[in-house]
Amino acid sequence: MVSTNAVVCGFVPMRGAAEMGERHIRLADDVILKLDADDLPDEKALAQALTHPAHQQWTGIKVRHDEPAAHLDLWLATMNSGLSFGRLSIGSAARTLGLADPAPRWAGASLYNGATLAYLTARPAGEDASLIAHGPDSSKLLGQVNDLLHRWSQERPEQPVVTAYPAATPDAQLAAGVRLSRPETRLTIGW
């Protein structure tokens, strides 16, 4: 099956045999980083990321509400950039305390490497996309993620092509793109 359209939506996470699984790392009270169950970060080091000062970088990329940007988080997750993808879940108390403030538009989209985490935020009035990083390699990670965002901004891909195959489909028969294997299905996501 090949997608003809992809729509961003939220839903109750799957349970039971079809559950995809998540790994949760507590970064602070009311701040959780959600990762794919297959990701194996240094959890102890990553859990200390917010103890490092925040470093912010404005990207100069403007994203208006009427522009296609709904799939930016999926694009970041599927770029094989050498960085790992996660989602920051922030409660109201953590936002009020200024612990973290990811842009709601991209559901806490975050990239991490080692003990350093970067996430997307936005200037409310101008919709300028910005990045905030915490960790020992903040400057390096900010540069890497900024480069990815500028690549996305030049391409502005609107729709991913998601193809689903039975779980036993050999690699040679899969479409190009990032591959995800689940108990009953193999998916490819391409742009």
# chains A, B, ... in the order shown; residues from 1 in each chain; ligands from 1
>>> closest_atom_pairs(of="region 36-97 of chain A", to="region 149-154 of chain A", cutoff="8 Å", atoms="only C-alpha atoms", output="Markdown table")
| residue | atom | partner | partner_atom | distance |
| --- | --- | --- | --- | --- |
| A:Thr59 | CA | A:His150 | CA | 7.9 |
| A:Ile61 | CA | A:Ser153 | CA | 7.1 |
| A:Leu72 | CA | A:Trp152 | CA | 7.7 |
| A:Trp75 | CA | A:Trp152 | CA | 8.0 |
>>> residues_around(residues="Ala77 (chain A)", least_positions_apart="6", cutoff="9 Å", atoms="only C-alpha atoms", output="ChimeraX atom specification")
/A:83-86,109-111
>>> closest_residue(among="A:Pro53, A:Pro41, A:Gly91, A:Gly190", to="Thr163 (chain A)", atoms="only C-alpha atoms")
A:Gly190
>>> closest_residue(among="A:Ser89, A:Gln56, A:Thr185, A:Ser139", to="Ala168 (chain A)", atoms="only C-alpha atoms")
A:Thr185
>>> closest_residue(among="A:Gly108, A:Gly98, A:Pro170, A:Gly114", to="Asp39 (chain A)", atoms="only C-alpha atoms")
A:Gly114
>>> residues_around(residues="Ile32 (chain A)", least_positions_apart="6", cutoff="9 Å", atoms="only C-alpha atoms", output="VMD selection string")
chain A and resid 24 to 26 87 to 91
>>> write_last_selection(atoms="N, CA and C atoms", output="PDB file, in the first residue's frame")
ATOM      1  N   HIS A  24      11.152   6.348  27.779  1.00  0.00           N
ATOM      2  CA  HIS A  24      11.002   7.676  28.376  1.00  0.00           C
ATOM      3  C   HIS A  24      12.208   7.976  29.248  1.00  0.00           C
ATOM      4  N   ILE A  25      12.773   9.167  29.056  1.00  0.00           N
ATOM      5  CA  ILE A  25      13.896   9.614  29.872  1.00  0.00           C
ATOM      6  C   ILE A  25      13.464  10.893  30.574  1.00  0.00           C
ATOM      7  N   ARG A  26      13.475  10.880  31.892  1.00  0.00           N
ATOM      8  CA  ARG A  26      13.107  12.062  32.671  1.00  0.00           C
ATOM      9  C   ARG A  26      14.296  13.017  32.682  1.00  0.00           C
ATOM     10  N   ARG A  87      10.832  13.260  21.187  1.00  0.00           N
ATOM     11  CA  ARG A  87       9.818  14.294  21.428  1.00  0.00           C
ATOM     12  C   ARG A  87       9.863  14.702  22.887  1.00  0.00           C
ATOM     13  N   LEU A  88       9.949  16.008  23.123  1.00  0.00           N
ATOM     14  CA  LEU A  88       9.921  16.532  24.482  1.00  0.00           C
ATOM     15  C   LEU A  88       8.478  16.693  24.924  1.00  0.00           C
ATOM     16  N   SER A  89       8.165  16.129  26.053  1.00  0.00           N
ATOM     17  CA  SER A  89       6.853  16.312  26.662  1.00  0.00           C
ATOM     18  C   SER A  89       7.050  17.212  27.868  1.00  0.00           C
ATOM     19  N   ILE A  90       6.440  18.399  27.798  1.00  0.00           N
ATOM     20  CA  ILE A  90       6.647  19.424  28.818  1.00  0.00           C
ATOM     21  C   ILE A  90       5.316  19.734  29.482  1.00  0.00           C
ATOM     22  N   GLY A  91       5.292  19.672  30.781  1.00  0.00           N
ATOM     23  CA  GLY A  91       4.099  20.067  31.521  1.00  0.00           C
ATOM     24  C   GLY A  91       4.080  21.563  31.755  1.00  0.00           C
TER      25      GLY A  91
END
>>> residues_around(residues="Leu180 (chain A)", least_positions_apart="4", cutoff="12 Å", atoms="only C-alpha atoms", output="ChimeraX atom specification")
/A:20,36,38,77-78,162-167,171,174-176,184-190
>>> decode(residues="region 115-165 of chain A", atoms="N, CA and C atoms", output="mmCIF file, in the first residue's frame")
data_model
loop_
_atom_site.group_PDB
_atom_site.id
_atom_site.type_symbol
_atom_site.label_atom_id
_atom_site.label_comp_id
_atom_site.auth_asym_id
_atom_site.auth_seq_id
_atom_site.Cartn_x
_atom_site.Cartn_y
_atom_site.Cartn_z
ATOM 1 N N ALA A 115 25.015 13.313 25.107
ATOM 2 C CA ALA A 115 24.380 13.950 26.259
ATOM 3 C C ALA A 115 23.830 15.329 25.925
ATOM 4 N N THR A 116 23.692 15.640 24.620
ATOM 5 C CA THR A 116 23.243 16.967 24.204
ATOM 6 C C THR A 116 21.939 16.850 23.429
ATOM 7 N N LEU A 117 21.025 17.774 23.728
ATOM 8 C CA LEU A 117 19.678 17.770 23.167
ATOM 9 C C LEU A 117 19.377 19.138 22.557
ATOM 10 N N ALA A 118 18.757 19.150 21.384
ATOM 11 C CA ALA A 118 18.294 20.398 20.763
ATOM 12 C C ALA A 118 16.834 20.232 20.381
ATOM 13 N N TYR A 119 16.069 21.303 20.530
ATOM 14 C CA TYR A 119 14.660 21.234 20.148
ATOM 15 C C TYR A 119 14.243 22.517 19.445
ATOM 16 N N LEU A 120 13.149 22.401 18.692
ATOM 17 C CA LEU A 120 12.598 23.520 17.936
ATOM 18 C C LEU A 120 11.700 24.364 18.817
ATOM 19 N N THR A 121 11.802 25.646 18.644
ATOM 20 C CA THR A 121 10.895 26.587 19.283
ATOM 21 C C THR A 121 10.596 27.662 18.250
ATOM 22 N N ALA A 122 9.734 28.604 18.570
ATOM 23 C CA ALA A 122 9.387 29.644 17.606
ATOM 24 C C ALA A 122 9.124 30.945 18.333
ATOM 25 N N ARG A 123 9.483 32.036 17.697
ATOM 26 C CA ARG A 123 9.174 33.366 18.201
ATOM 27 C C ARG A 123 7.702 33.606 17.876
ATOM 28 N N PRO A 124 6.860 33.798 18.873
ATOM 29 C CA PRO A 124 5.416 33.853 18.625
ATOM 30 C C PRO A 124 4.978 34.882 17.583
ATOM 31 N N ALA A 125 5.470 36.094 17.633
ATOM 32 C CA ALA A 125 4.974 37.131 16.727
ATOM 33 C C ALA A 125 5.407 36.909 15.281
ATOM 34 N N GLY A 126 6.673 36.587 15.068
ATOM 35 C CA GLY A 126 7.182 36.487 13.708
ATOM 36 C C GLY A 126 7.245 35.091 13.152
ATOM 37 N N GLU A 127 7.005 34.091 13.973
ATOM 38 C CA GLU A 127 7.104 32.699 13.557
ATOM 39 C C GLU A 127 8.497 32.336 13.055
ATOM 40 N N ASP A 128 9.530 33.016 13.544
ATOM 41 C CA ASP A 128 10.891 32.619 13.220
ATOM 42 C C ASP A 128 11.193 31.326 13.954
ATOM 43 N N ALA A 129 11.653 30.333 13.216
ATOM 44 C CA ALA A 129 12.038 29.088 13.854
ATOM 45 C C ALA A 129 13.367 29.292 14.580
ATOM 46 N N SER A 130 13.467 28.764 15.761
ATOM 47 C CA SER A 130 14.724 28.838 16.494
ATOM 48 C C SER A 130 15.007 27.487 17.123
ATOM 49 N N LEU A 131 16.210 27.365 17.619
ATOM 50 C CA LEU A 131 16.670 26.142 18.261
ATOM 51 C C LEU A 131 17.172 26.473 19.649
ATOM 52 N N ILE A 132 16.951 25.566 20.557
ATOM 53 C CA ILE A 132 17.554 25.659 21.883
ATOM 54 C C ILE A 132 18.248 24.335 22.137
ATOM 55 N N ALA A 133 19.464 24.414 22.627
ATOM 56 C CA ALA A 133 20.231 23.203 22.936
ATOM 57 C C ALA A 133 20.719 23.261 24.375
ATOM 58 N N HIS A 134 20.780 22.095 24.979
ATOM 59 C CA HIS A 134 21.326 21.908 26.322
ATOM 60 C C HIS A 134 22.306 20.739 26.242
ATOM 61 N N GLY A 135 23.432 20.880 26.894
ATOM 62 C CA GLY A 135 24.375 19.773 26.961
ATOM 63 C C GLY A 135 25.790 20.214 26.685
ATOM 64 N N PRO A 136 26.740 19.299 26.829
ATOM 65 C CA PRO A 136 28.156 19.658 26.696
ATOM 66 C C PRO A 136 28.573 20.026 25.271
ATOM 67 N N ASP A 137 27.827 19.575 24.255
ATOM 68 C CA ASP A 137 28.181 19.879 22.864
ATOM 69 C C ASP A 137 27.107 20.726 22.187
ATOM 70 N N SER A 138 26.556 21.703 22.922
ATOM 71 C CA SER A 138 25.449 22.515 22.414
ATOM 72 C C SER A 138 25.785 23.219 21.106
ATOM 73 N N SER A 139 26.940 23.846 21.031
ATOM 74 C CA SER A 139 27.299 24.598 19.817
ATOM 75 C C SER A 139 27.362 23.691 18.595
ATOM 76 N N LYS A 140 27.975 22.543 18.751
ATOM 77 C CA LYS A 140 28.098 21.601 17.631
ATOM 78 C C LYS A 140 26.717 21.110 17.190
ATOM 79 N N LEU A 141 25.875 20.718 18.150
ATOM 80 C CA LEU A 141 24.550 20.206 17.813
ATOM 81 C C LEU A 141 23.685 21.300 17.187
ATOM 82 N N LEU A 142 23.768 22.523 17.710
ATOM 83 C CA LEU A 142 23.016 23.632 17.111
ATOM 84 C C LEU A 142 23.400 23.815 15.642
ATOM 85 N N GLY A 143 24.685 23.724 15.333
ATOM 86 C CA GLY A 143 25.138 23.856 13.946
ATOM 87 C C GLY A 143 24.579 22.759 13.058
ATOM 88 N N GLN A 144 24.605 21.518 13.544
ATOM 89 C CA GLN A 144 24.104 20.394 12.762
ATOM 90 C C GLN A 144 22.602 20.529 12.496
ATOM 91 N N VAL A 145 21.834 20.857 13.542
ATOM 92 C CA VAL A 145 20.385 20.958 13.384
ATOM 93 C C VAL A 145 20.029 22.179 12.541
ATOM 94 N N ASN A 146 20.752 23.281 12.715
ATOM 95 C CA ASN A 146 20.522 24.465 11.887
ATOM 96 C C ASN A 146 20.733 24.138 10.407
ATOM 97 N N ASP A 147 21.789 23.385 10.101
ATOM 98 C CA ASP A 147 22.036 22.979 8.713
ATOM 99 C C ASP A 147 20.874 22.147 8.178
ATOM 100 N N LEU A 148 20.361 21.222 8.994
ATOM 101 C CA LEU A 148 19.212 20.412 8.575
ATOM 102 C C LEU A 148 17.987 21.282 8.300
ATOM 103 N N LEU A 149 17.734 22.247 9.189
ATOM 104 C CA LEU A 149 16.563 23.107 9.012
ATOM 105 C C LEU A 149 16.679 23.962 7.751
ATOM 106 N N HIS A 150 17.894 24.423 7.436
ATOM 107 C CA HIS A 150 18.061 25.205 6.214
ATOM 108 C C HIS A 150 17.884 24.325 4.980
ATOM 109 N N ARG A 151 18.306 23.085 5.071
ATOM 110 C CA ARG A 151 18.065 22.147 3.966
ATOM 111 C C ARG A 151 16.567 21.943 3.780
ATOM 112 N N TRP A 152 15.854 21.727 4.901
ATOM 113 C CA TRP A 152 14.403 21.571 4.828
ATOM 114 C C TRP A 152 13.763 22.825 4.228
ATOM 115 N N SER A 153 14.204 24.004 4.651
ATOM 116 C CA SER A 153 13.616 25.252 4.190
ATOM 117 C C SER A 153 13.800 25.436 2.682
ATOM 118 N N GLN A 154 14.927 24.992 2.150
ATOM 119 C CA GLN A 154 15.156 25.101 0.704
ATOM 120 C C GLN A 154 14.261 24.140 -0.063
ATOM 121 N N GLU A 155 14.076 22.937 0.483
ATOM 122 C CA GLU A 155 13.290 21.909 -0.211
ATOM 123 C C GLU A 155 11.789 22.033 0.064
ATOM 124 N N ARG A 156 11.431 22.393 1.300
ATOM 125 C CA ARG A 156 10.036 22.483 1.764
ATOM 126 C C ARG A 156 9.183 21.308 1.260
ATOM 127 N N PRO A 157 9.589 20.084 1.558
ATOM 128 C CA PRO A 157 8.792 18.937 1.104
ATOM 129 C C PRO A 157 7.417 18.954 1.774
ATOM 130 N N GLU A 158 6.381 18.735 0.978
ATOM 131 C CA GLU A 158 5.025 18.829 1.517
ATOM 132 C C GLU A 158 4.472 17.498 1.988
ATOM 133 N N GLN A 159 4.705 16.437 1.251
ATOM 134 C CA GLN A 159 4.091 15.155 1.585
ATOM 135 C C GLN A 159 5.126 14.029 1.586
ATOM 136 N N PRO A 160 5.158 13.239 2.641
ATOM 137 C CA PRO A 160 5.982 12.042 2.608
ATOM 138 C C PRO A 160 5.284 10.964 1.785
ATOM 139 N N VAL A 161 6.049 10.037 1.257
ATOM 140 C CA VAL A 161 5.483 8.867 0.596
ATOM 141 C C VAL A 161 5.712 7.698 1.551
ATOM 142 N N VAL A 162 4.636 7.202 2.118
ATOM 143 C CA VAL A 162 4.702 6.103 3.072
ATOM 144 C C VAL A 162 4.197 4.860 2.366
ATOM 145 N N THR A 163 5.025 3.809 2.337
ATOM 146 C CA THR A 163 4.655 2.560 1.688
ATOM 147 C C THR A 163 4.690 1.450 2.738
ATOM 148 N N ALA A 164 3.611 0.668 2.781
ATOM 149 C CA ALA A 164 3.499 -0.430 3.754
ATOM 150 C C ALA A 164 3.598 -1.762 3.031
ATOM 151 N N TYR A 165 4.369 -2.674 3.621
ATOM 152 C CA TYR A 165 4.583 -4.007 3.070
ATOM 153 C C TYR A 165 4.316 -5.041 4.159
#
